[in-house]
>>> print(open('work.txt').read())   # compact mmCIF, C-alpha atoms
# COMPACT_ATOMS: atom_id res chain seq x y z
CA MET L 1 -3.96 -9.01 -1.17
CA VAL L 2 -2.89 -7.57 2.15
CA ALA L 3 -2.88 -10.06 5.02
CA VAL L 4 -2.93 -9.05 8.68
CA ALA L 5 -3.63 -10.67 12.01
CA LEU L 6 -7.11 -10.94 13.40
CA ALA L 7 -5.91 -11.78 16.91
CA THR L 8 -6.95 -10.21 20.19
CA LEU L 9 -4.64 -7.85 22.05
CA ALA L 10 -5.41 -6.73 25.59
CA VAL L 11 -4.60 -3.06 26.09
CA ALA L 12 -5.55 -1.05 29.16
CA GLY L 13 -8.15 -3.64 30.06
CA SER L 14 -9.92 -3.49 26.70
CA ALA L 15 -9.93 -6.22 24.04
CA VAL L 16 -8.96 -4.85 20.63
CA VAL L 17 -7.93 -6.41 17.34
CA CYS L 18 -4.47 -5.52 16.01
CA GLY L 19 -2.17 -6.62 13.23
CA ALA L 20 0.61 -7.38 15.68
CA GLY L 21 -1.18 -10.44 17.06
CA THR L 22 -1.39 -11.24 20.74
CA SER L 23 1.44 -9.64 22.70
CA GLY L 24 0.56 -10.43 26.26
CA ALA L 25 4.05 -11.18 27.64
CA ARG L 26 5.68 -8.51 29.77
CA GLY L 27 9.11 -7.74 31.15
CA ALA L 28 12.55 -7.04 29.68
CA LEU L 29 13.51 -8.88 26.52
CA PRO L 30 17.06 -10.03 25.83
CA GLY L 31 18.50 -8.35 22.76
CA VAL L 32 16.13 -5.37 22.91
CA GLY L 33 17.31 -2.13 24.48
CA PRO L 34 15.67 -0.44 27.46
CA ALA L 35 11.97 0.13 26.82
CA GLY L 36 12.41 -1.29 23.35
CA ARG L 37 14.85 1.34 22.09
CA GLY L 38 16.40 0.07 18.89
CA GLU L 39 19.12 1.78 16.86
CA SER L 40 16.86 3.27 14.19
CA HIS L 41 17.75 6.92 14.73
CA ILE L 42 16.64 8.62 11.55
CA ARG L 43 16.50 12.08 10.07
CA GLY L 44 12.93 13.16 9.46
CA PRO L 45 11.42 15.81 7.20
CA GLY L 46 11.96 18.37 9.96
CA PRO L 47 13.66 17.85 13.31
CA VAL L 48 15.64 14.67 13.90
CA GLU L 49 13.16 11.94 14.78
CA SER L 50 12.90 8.18 15.08
CA PHE L 51 10.16 5.60 14.83
CA TRP L 52 9.02 3.58 17.82
CA VAL L 53 10.11 -0.04 18.28
CA ASP L 54 7.61 -2.30 20.05
CA PRO L 55 9.55 -4.15 22.78
CA ARG L 56 6.82 -6.82 22.93
CA SER L 57 6.47 -7.58 19.24
CA ARG L 58 6.12 -11.20 18.17
CA ALA L 59 9.66 -11.05 16.80
CA ALA L 60 11.01 -9.75 20.11
CA LEU L 61 9.19 -12.44 22.08
CA GLN L 62 10.44 -15.09 19.66
CA ALA L 63 14.03 -13.94 20.01
CA ALA L 64 13.71 -14.02 23.81
CA GLU L 65 12.24 -17.52 23.73
CA TRP L 66 14.99 -18.82 21.48
CA ARG L 67 17.67 -17.36 23.75
CA LEU L 68 16.15 -19.15 26.71
CA THR L 69 16.13 -22.45 24.83
CA GLY L 70 19.68 -22.12 23.52
CA ARG L 71 18.92 -21.10 19.93
CA THR L 72 21.29 -18.15 20.19
CA ALA L 73 22.20 -17.90 16.52
CA ASP L 74 18.54 -17.88 15.48
CA ALA L 75 17.77 -15.29 18.16
CA LEU L 76 20.46 -13.02 16.75
CA LEU L 77 18.89 -13.32 13.32
CA MET L 78 15.44 -12.58 14.75
CA ASP L 79 16.87 -9.40 16.26
CA ARG L 80 17.09 -8.07 12.71
CA ILE L 81 13.30 -7.85 12.88
CA ALA L 82 12.74 -7.31 16.61
CA THR L 83 14.95 -4.23 16.98
CA ARG L 84 13.46 -2.33 14.04
CA PRO L 85 10.25 -0.27 13.91
CA GLN L 86 7.16 -1.87 12.41
CA ALA L 87 3.62 -0.67 11.89
CA GLU L 88 0.72 -1.53 14.18
CA TRP L 89 -2.38 -2.66 12.25
CA LEU L 90 -5.81 -1.62 13.53
CA ASN L 91 -8.30 -3.99 11.90
CA GLY L 92 -10.99 -4.76 14.45
CA PRO L 93 -14.03 -3.04 15.94
CA ALA L 94 -12.15 -1.16 18.68
CA SER L 95 -9.33 1.23 17.84
CA ARG L 96 -9.04 4.04 20.39
CA ALA L 97 -7.33 2.12 23.22
CA VAL L 98 -4.54 0.58 21.18
CA VAL L 99 -3.90 3.79 19.22
CA ARG L 100 -3.62 5.71 22.48
CA ALA L 101 -1.36 3.06 24.01
CA ARG L 102 1.00 2.88 21.04
CA THR L 103 1.30 6.61 20.48
CA ALA L 104 1.73 7.26 24.21
CA ALA L 105 4.50 4.65 24.43
CA ALA L 106 6.23 6.27 21.47
CA ALA L 107 5.81 9.76 22.90
CA ARG L 108 7.43 8.75 26.18
CA GLN L 109 10.57 7.96 24.21
CA GLY L 110 10.31 10.98 21.93
CA ARG L 111 9.50 8.71 19.02
CA THR L 112 6.84 8.37 16.33
CA ALA L 113 4.35 5.49 16.06
CA VAL L 114 3.49 3.99 12.67
CA LEU L 115 -0.12 2.81 12.43
CA VAL L 116 -2.32 1.26 9.76
CA ALA L 117 -6.06 1.95 9.51
CA TYR L 118 -7.55 -1.23 8.01
CA TYR L 119 -11.27 -1.50 8.63
CA ILE L 120 -12.97 -0.36 5.43
CA PRO L 121 -16.23 -2.21 4.62
CA HIS L 122 -15.72 -5.19 2.26
CA ARG L 123 -12.04 -5.22 3.15
CA ASP L 124 -9.81 -7.27 0.82
CA CYS L 125 -12.89 -8.02 -1.30
CA GLY L 126 -13.63 -10.99 0.97
CA SER L 127 -10.26 -12.70 0.45
CA TYR L 128 -7.77 -13.85 3.13
CA SER L 129 -8.05 -10.59 5.08
CA GLY L 130 -11.76 -10.06 4.55
CA GLY L 131 -13.79 -8.20 7.15
CA GLY L 132 -14.09 -4.56 8.12
CA ALA L 133 -16.94 -2.37 9.27
CA TRP L 134 -20.50 -3.49 8.53
CA ASN L 135 -21.49 -0.23 6.90
CA ALA L 136 -20.43 3.33 6.13
CA ALA L 137 -21.76 4.77 9.39
CA GLY L 138 -19.87 2.16 11.38
CA TYR L 139 -16.66 2.95 9.53
CA ARG L 140 -16.93 6.69 10.11
CA LYS L 141 -17.47 6.05 13.83
CA TRP L 142 -14.43 3.76 13.87
CA VAL L 143 -12.30 6.43 12.23
CA ASP L 144 -13.50 8.97 14.80
CA GLU L 145 -12.38 6.61 17.58
CA PHE L 146 -9.01 6.08 15.88
CA ALA L 147 -8.48 9.83 15.63
CA ALA L 148 -9.47 10.35 19.26
CA GLY L 149 -6.82 7.81 20.27
CA LEU L 150 -4.15 9.79 18.45
CA GLY L 151 -4.69 12.99 20.38
CA ASP L 152 -1.88 15.44 19.62
CA ARG L 153 0.87 12.79 19.62
CA ASP L 154 3.05 12.12 16.58
CA ALA L 155 2.10 9.30 14.23
CA TYR L 156 2.36 8.17 10.64
CA VAL L 157 -0.95 6.59 9.58
CA ILE L 158 -1.28 4.43 6.47
CA VAL L 159 -4.90 4.55 5.33
CA GLU L 160 -6.55 1.34 4.10
CA PRO L 161 -4.06 -0.81 2.18
CA ASP L 162 -5.49 -2.10 -1.11
CA ALA L 163 -8.75 -0.15 -0.81
CA VAL L 164 -8.23 2.09 -3.85
CA ALA L 165 -6.24 -0.26 -6.07
CA GLN L 166 -8.58 -3.18 -5.44
CA THR L 167 -11.58 -1.06 -6.36
CA VAL L 168 -9.92 0.07 -9.58
CA ALA L 169 -8.86 -3.49 -10.44
CA GLY L 170 -12.41 -4.72 -9.83
CA CYS L 171 -14.33 -5.81 -6.75
CA ALA L 172 -18.01 -6.59 -7.29
CA SER L 173 -18.95 -6.08 -3.64
CA VAL L 174 -17.72 -2.48 -3.54
CA VAL L 175 -19.59 0.63 -4.62
CA ALA L 176 -16.70 2.80 -5.77
CA GLU L 177 -18.23 6.18 -4.94
CA GLU L 178 -19.07 5.11 -1.38
CA ARG L 179 -15.61 3.65 -0.80
CA TYR L 180 -13.82 6.74 -2.08
CA ALA L 181 -16.04 8.96 0.08
CA LEU L 182 -15.19 6.87 3.16
CA LEU L 183 -11.49 7.09 2.41
CA ALA L 184 -11.77 10.85 2.02
CA TYR L 185 -13.55 11.00 5.37
CA ALA L 186 -10.71 9.04 6.98
CA VAL L 187 -8.06 11.30 5.48
CA ASP L 188 -9.83 14.48 6.57
CA ARG L 189 -10.61 13.25 10.07
CA LEU L 190 -7.11 11.95 10.76
CA LYS L 191 -5.51 15.13 9.42
CA ARG L 192 -7.34 17.11 12.08
CA GLN L 193 -4.92 15.62 14.62
CA PRO L 194 -1.94 18.00 14.80
CA GLY L 195 0.80 15.37 15.04
CA THR L 196 -0.49 12.98 12.39
CA ARG L 197 0.95 12.41 8.93
CA VAL L 198 -1.49 10.58 6.64
CA TYR L 199 -0.59 8.40 3.65
CA LEU L 200 -3.37 6.96 1.48
CA ASP L 201 -2.51 3.55 0.06
CA ALA L 202 -1.99 3.34 -3.71
CA GLY L 203 -1.16 -0.33 -4.27
CA ASN L 204 2.14 -1.40 -5.84
CA SER L 205 4.01 -0.98 -9.09
CA ALA L 206 3.07 -4.42 -10.47
CA TRP L 207 -0.65 -4.26 -9.72
CA LEU L 208 -1.77 -1.32 -11.85
CA PRO L 209 1.24 -0.42 -14.00
CA ASP L 210 -0.66 2.42 -15.67
CA THR L 211 -0.62 5.09 -12.94
CA SER L 212 -3.23 7.16 -14.77
CA ARG L 213 -5.88 4.66 -13.64
CA LEU L 214 -5.27 5.69 -10.02
CA VAL L 215 -5.34 9.46 -10.35
CA GLU L 216 -9.09 10.10 -10.25
CA PRO L 217 -9.84 7.42 -7.61
CA LEU L 218 -7.10 8.80 -5.35
CA THR L 219 -8.37 12.32 -5.94
CA GLN L 220 -11.90 11.30 -4.93
CA SER L 221 -10.38 9.57 -1.89
CA GLY L 222 -8.85 12.76 -0.53
CA ILE L 223 -5.22 12.52 -1.67
CA ALA L 224 -5.01 16.31 -2.01
CA ARG L 225 -5.48 16.67 1.75
CA ALA L 226 -3.24 13.75 2.73
CA ASP L 227 0.50 14.08 3.26
CA GLY L 228 0.94 11.62 0.43
CA PHE L 229 0.43 8.01 -0.63
CA ALA L 230 1.87 4.63 0.35
CA LEU L 231 3.27 2.00 -2.02
CA ASN L 232 4.19 -1.69 -1.89
CA VAL L 233 2.34 -2.48 1.35
CA SER L 234 2.71 -6.21 2.02
CA ASN L 235 4.32 -6.65 -1.40
CA PHE L 236 7.81 -7.36 -2.67
CA GLN L 237 8.56 -4.84 -5.43
CA THR L 238 12.06 -3.38 -5.27
CA ASP L 239 12.85 0.07 -3.95
CA ALA L 240 13.87 1.13 -7.45
CA ALA L 241 10.62 -0.06 -9.02
CA SER L 242 8.51 1.55 -6.31
CA SER L 243 10.46 4.80 -6.49
CA ALA L 244 10.05 5.07 -10.27
CA TYR L 245 6.35 4.24 -10.03
CA GLY L 246 5.87 6.68 -7.16
CA ASN L 247 7.60 9.47 -9.06
CA ARG L 248 5.24 8.99 -12.02
CA LEU L 249 2.17 8.92 -9.80
CA SER L 250 3.39 11.92 -7.84
CA ALA L 251 3.79 13.94 -11.03
CA ALA L 252 0.19 13.17 -11.94
CA LEU L 253 -0.95 14.23 -8.46
CA GLY L 254 0.76 17.61 -8.36
CA GLY L 255 3.96 16.50 -6.62
CA LYS L 256 2.58 14.44 -3.75
CA HIS L 257 5.13 12.73 -1.51
CA PHE L 258 5.02 9.02 -0.69
CA VAL L 259 6.31 6.24 1.58
CA ILE L 260 7.39 2.73 0.56
CA ASP L 261 6.98 -0.54 2.44
CA THR L 262 10.41 -2.19 2.37
CA SER L 263 9.73 -4.87 4.98
CA ARG L 264 10.14 -7.93 2.73
CA ASN L 265 11.49 -6.68 -0.60
CA GLY L 266 15.18 -7.35 -0.10
CA ASN L 267 15.21 -9.98 -2.85
CA GLY L 268 12.53 -8.34 -4.97
CA PRO L 269 9.37 -10.07 -6.19
CA TYR L 270 8.94 -13.81 -6.62
CA THR L 271 8.52 -14.86 -10.26
CA GLY L 272 6.34 -17.94 -9.69
CA THR L 273 2.59 -18.22 -9.19
CA ASP L 274 0.83 -16.47 -6.29
CA SER L 275 3.83 -14.17 -6.01
CA TRP L 276 2.14 -12.07 -3.31
CA CYS L 277 1.33 -14.89 -0.88
CA ASN L 278 4.15 -16.18 1.35
CA PRO L 279 6.60 -16.43 -1.57
CA PRO L 280 9.76 -18.42 -0.81
CA GLY L 281 13.26 -16.99 -0.76
CA ARG L 282 12.32 -13.43 0.16
CA ALA L 283 14.38 -11.17 2.42
CA LEU L 284 14.07 -8.18 4.71
CA GLY L 285 14.51 -4.91 2.84
CA THR L 286 15.82 -1.45 3.63
CA PRO L 287 15.45 -0.74 7.37
CA PRO L 288 12.91 1.95 8.27
CA THR L 289 14.27 5.46 7.81
CA THR L 290 13.30 8.94 6.67
CA ALA L 291 16.78 9.47 5.24
CA THR L 292 15.72 8.23 1.80
CA GLY L 293 17.87 10.38 -0.45
CA SER L 294 14.78 11.37 -2.44
CA PRO L 295 12.87 14.65 -2.05
CA LEU L 296 9.59 12.84 -2.74
CA ILE L 297 10.03 9.71 -0.59
CA ASP L 298 9.26 10.68 3.01
CA ALA L 299 10.22 7.30 4.47
CA TYR L 300 10.99 3.67 3.94
CA LEU L 301 8.77 1.83 6.44
CA TRP L 302 8.15 -1.73 7.55
CA ILE L 303 4.37 -1.58 7.20
CA LYS L 304 3.80 -5.31 6.77
CA ARG L 305 5.18 -6.93 9.91
CA PRO L 306 7.86 -9.40 8.74
CA GLY L 307 7.03 -12.94 9.80
CA GLU L 308 3.24 -12.56 9.78
CA SER L 309 1.60 -14.83 7.23
CA ASP L 310 -0.14 -13.63 4.08
CA GLY L 311 -2.66 -16.46 4.35
CA THR L 312 -2.97 -20.23 4.26
CA CYS L 313 -0.92 -20.62 1.10
CA ARG L 314 2.39 -22.53 0.91
CA GLY L 315 1.72 -24.09 4.29
CA GLY L 316 1.32 -20.82 6.14
CA PRO L 317 -1.01 -20.17 9.07
CA ALA L 318 -4.04 -17.88 8.78
CA ALA L 319 -3.54 -14.38 7.47
CA GLY L 320 -1.58 -12.23 9.91
CA GLN L 321 -0.61 -15.06 12.25
CA TRP L 322 3.00 -15.28 13.37
CA TRP L 323 5.10 -17.76 11.37
CA PRO L 324 8.54 -18.00 12.98
CA SER L 325 10.16 -20.16 10.31
CA TYR L 326 9.17 -17.68 7.59
CA ALA L 327 10.40 -14.78 9.71
CA LEU L 328 13.70 -16.55 10.23
CA GLY L 329 14.06 -17.03 6.48
CA LEU L 330 13.47 -13.33 5.83
CA ALA L 331 16.11 -12.43 8.39
CA ARG L 332 18.62 -15.03 7.22
CA ASN L 333 18.34 -13.83 3.61
CA ALA L 334 18.75 -10.16 4.52
CA ARG L 335 21.91 -8.43 3.38
CA GLY L 336 22.37 -6.42 6.55
>>> encode(input="work.txt", output="structure tokens")
Amino acid sequence: MVAVALATLAVAGSAVVCGAGTSGARGALPGVGPAGRGESHIRGPGPVESFWVDPRSRAALQAAEWRLTGRTADALLMDRIATRPQAEWLNGPASRAVVRARTAAAARQGRTAVLVAYYIPHRDCGSYSGGGAWNAAGYRKWVDEFAAGLGDRDAYVIVEPDAVAQTVAGCASVVAEERYALLAYAVDRLKRQPGTRVYLDAGNSAWLPDTSRLVEPLTQSGIARADGFALNVSNFQTDAASSAYGNRLSAALGGKHFVIDTSRNGNGPYTGTDSWCNPPGRALGTPPTTATGSPLIDAYLWIKRPGESDGTCRGGPAAGQWWPSYALGLARNARG
């Protein structure tokens, strides 16, 4: 159900696979502040902090291209995406170089990187975003590399979107006990890094409405040692629905905190068929912030990168590929 790019990104001379797609262009981008500094200053759960904005994101490059070709109005709309922090997806066999590069870039600006670990074996149960490590040993090694890339720099890490919920909902290729053990390994290993906050994905409010079905799987997957759980990744449920669902799940997990993906939920969920896959008429949601007004919600984040396709449905490109017309629609429909 989660769709991300499987494109190659060159970082520090190494080829790695990242959810952002290929971002090879360099140089200053019109409409993006120095070194990619957006205006997303936000109050964190401690000192004042802010999330890092990638100055070379696909949205930023698109806005720059449109300015050069005279599409100024569209470029201004694209800035609604380009100037706001988005997560970096790690979904290929190499992770250390890009994790180091992203967290180092954020640290130079006194900011926090948001990363997604997405390489669990039998990922997405073989659907649009299928792939992942070949076996358990390979996954543990990958997680070790990811953690090494973090060092002591600050980061929020979302662990394996869909992995728990998809197992609970039913995936014949997955051995539940092995998957939960791998997730627990990822949580424990990432939490050894002093600047890392870890959120284990727990699906969305429409997928498994009965939160009790998630409690034991999340417990086996290490939720007690994580900072919390993540909701609505790559989905469209409203902030209100996700908040209510998260509060119920939190109560069953001893008061765990959570984060919500608000990247594309500005108009809520689509009511037609295949509501999760490139649904029409959607909009950008609440901009990323830790000033959520809720003691349990640590942040609203743009985990799914707005404008990247969910898959080859409704005329979209392959999962995770940049789709400028869809991105433009999300921005145009946004309320702010």
>>> residues_around(input="work.txt", residues="Leu190 (chain L)", least_positions_apart="6", cutoff="9 Å", atoms="only C-alpha atoms", output="number ranges by chain")
L: 143-144, 146-148, 150, 157, 196-198
>>> residues_around(input="work.txt", residues="region 325-327 of chain L", least_positions_apart="6", cutoff="10 Å", atoms="only C-alpha atoms", output="PyMOL selection string")
chain L and resi 59+62+77-78+80-81+264+278-284+305-309+316
>>> write_last_selection(input="work.txt", atoms="C-alpha atoms", output="JSON list (two decimals), in the coordinates of the input")
[["chain", "number", "residue", "atom", "x", "y", "z"],
["L", 59, "ALA", "CA", 9.66, -11.05, 16.80],
["L", 62, "GLN", "CA", 10.44, -15.09, 19.66],
["L", 77, "LEU", "CA", 18.89, -13.32, 13.32],
["L", 78, "MET", "CA", 15.44, -12.58, 14.75],
["L", 80, "ARG", "CA", 17.09, -8.07, 12.71],
["L", 81, "ILE", "CA", 13.30, -7.85, 12.88],
["L", 264, "ARG", "CA", 10.14, -7.93, 2.73],
["L", 278, "ASN", "CA", 4.15, -16.18, 1.35],
["L", 279, "PRO", "CA", 6.60, -16.43, -1.57],
["L", 280, "PRO", "CA", 9.76, -18.42, -0.81],
["L", 281, "GLY", "CA", 13.26, -16.99, -0.76],
["L", 282, "ARG", "CA", 12.32, -13.43, 0.16],
["L", 283, "ALA", "CA", 14.38, -11.17, 2.42],
["L", 284, "LEU", "CA", 14.07, -8.18, 4.71],
["L", 305, "ARG", "CA", 5.18, -6.93, 9.91],
["L", 306, "PRO", "CA", 7.86, -9.40, 8.74],
["L", 307, "GLY", "CA", 7.03, -12.94, 9.80],
["L", 308, "GLU", "CA", 3.24, -12.56, 9.78],
["L", 309, "SER", "CA", 1.60, -14.83, 7.23],
["L", 316, "GLY", "CA", 1.32, -20.82, 6.14]]
>>> closest_residue(input="work.txt", among="L:Ala82, L:Ser275, L:Tyr199, L:Leu301", to="Phe51 (chain L)", atoms="only C-alpha atoms")
L:Leu301
>>> atom_distance(input="work.txt", atom1="CA of Val168 (chain L)", atom2="CA of Asp201 (chain L)")
12.6 Å
>>> atom_distance(input="work.txt", atom1="CA of Val187 (chain L)", atom2="CA of Thr211 (chain L)")
20.8 Å
>>> residues_around(input="work.txt", residues="Gln166 (chain L)", least_positions_apart="4", cutoff="9 Å", atoms="all atoms listed in the file", output="PyMOL selection string")
chain L and resi 1+124-125+162+170-171+203
>>> atom_distance(input="work.txt", atom1="CA of Lys141 (chain L)", atom2="CA of Glu178 (chain L)")
15.3 Å
>>> residues_around(input="work.txt", residues="Leu249 (chain L)", least_positions_apart="3", cutoff="9 Å", atoms="all atoms listed in the file", output="ChimeraX atom specification")
/L:211-212,214-215,244-246,252-256
>>> closest_residue(input="work.txt", among="L:Phe236, L:Trp142, L:Trp66, L:Trp52", to="Ala155 (chain L)", atoms="all atoms listed in the file")
L:Trp52
>>> residues_around(input="work.txt", residues="region 172-175 of chain L", least_positions_apart="6", cutoff="12 Å", atoms="only C-alpha atoms", output="list in words")
Ile120, Pro121, His122, Arg123, Asp124, Cys125, Gly126, Ser127, Gly130, Asn135, Ala136, Ala163, Val164, Ala165, Gln166, Ala181 and Leu182 of chain L
>>> closest_residue(input="work.txt", among="L:Val233, L:Val114, L:Ala226, L:Ala133", to="Ile260 (chain L)", atoms="only C-alpha atoms")
L:Val233
>>> residues_near_point(input="work.txt", point="(13.2, -13.5, 21.4)", cutoff="9 Å", atoms="only C-alpha atoms", output="PyMOL selection string")
chain L and resi 29-32+58-68+75-76+78-79+82
>>> closest_residue(input="work.txt", among="L:Phe229, L:Thr69, L:Glu145, L:Ser129", to="Thr312 (chain L)", atoms="only C-alpha atoms")
L:Ser129
>>> closest_residue(input="work.txt", among="L:Asp310, L:Asp154, L:Asp239, L:Glu160", to="Leu90 (chain L)", atoms="all atoms listed in the file")
L:Glu160
>>> closest_residue(input="work.txt", among="L:Tyr156, L:Tyr128, L:Tyr119, L:Trp322", to="Val259 (chain L)", atoms="all atoms listed in the file")
L:Tyr156
>>> build_atoms(input="work.txt", residues="region 319-332 of chain L", atoms="N, CA, C and O atoms", output="short mmCIF file (atom, residue, chain, number, x, y, z; two decimals), in the frame of the given file")
data_model
loop_
_atom_site.label_atom_id
_atom_site.label_comp_id
_atom_site.auth_asym_id
_atom_site.auth_seq_id
_atom_site.Cartn_x
_atom_site.Cartn_y
_atom_site.Cartn_z
N ALA L 319 -4.05 -15.71 7.79
CA ALA L 319 -3.54 -14.38 7.47
C ALA L 319 -3.23 -13.59 8.74
O ALA L 319 -4.05 -13.48 9.64
N GLY L 320 -2.00 -13.06 8.80
CA GLY L 320 -1.58 -12.23 9.91
C GLY L 320 -1.03 -12.97 11.10
O GLY L 320 -0.49 -12.35 12.02
N GLN L 321 -1.14 -14.30 11.13
CA GLN L 321 -0.61 -15.06 12.25
C GLN L 321 0.91 -15.17 12.15
O GLN L 321 1.48 -15.21 11.07
N TRP L 322 1.54 -15.22 13.30
CA TRP L 322 3.00 -15.28 13.37
C TRP L 322 3.50 -16.63 12.85
O TRP L 322 2.99 -17.68 13.22
N TRP L 323 4.53 -16.57 12.00
CA TRP L 323 5.10 -17.76 11.37
C TRP L 323 6.61 -17.69 11.56
O TRP L 323 7.33 -17.14 10.72
N PRO L 324 7.13 -18.21 12.64
CA PRO L 324 8.54 -18.00 12.98
C PRO L 324 9.52 -18.52 11.94
O PRO L 324 10.57 -17.91 11.71
N SER L 325 9.22 -19.63 11.30
CA SER L 325 10.16 -20.16 10.31
C SER L 325 10.26 -19.24 9.10
O SER L 325 11.34 -19.06 8.52
N TYR L 326 9.13 -18.63 8.70
CA TYR L 326 9.17 -17.68 7.59
C TYR L 326 9.92 -16.42 7.99
O TYR L 326 10.73 -15.88 7.22
N ALA L 327 9.68 -15.95 9.21
CA ALA L 327 10.40 -14.78 9.71
C ALA L 327 11.90 -15.04 9.72
O ALA L 327 12.70 -14.18 9.33
N LEU L 328 12.28 -16.22 10.16
CA LEU L 328 13.70 -16.55 10.23
C LEU L 328 14.31 -16.55 8.84
O LEU L 328 15.46 -16.09 8.63
N GLY L 329 13.57 -17.05 7.85
CA GLY L 329 14.06 -17.03 6.48
C GLY L 329 14.27 -15.63 5.96
O GLY L 329 15.28 -15.33 5.31
N LEU L 330 13.33 -14.74 6.25
CA LEU L 330 13.47 -13.33 5.83
C LEU L 330 14.72 -12.72 6.43
O LEU L 330 15.46 -11.99 5.76
N ALA L 331 14.95 -12.99 7.72
CA ALA L 331 16.11 -12.43 8.39
C ALA L 331 17.41 -13.05 7.88
O ALA L 331 18.40 -12.35 7.68
N ARG L 332 17.41 -14.35 7.68
CA ARG L 332 18.62 -15.03 7.22
C ARG L 332 19.02 -14.54 5.83
O ARG L 332 20.23 -14.42 5.52
#
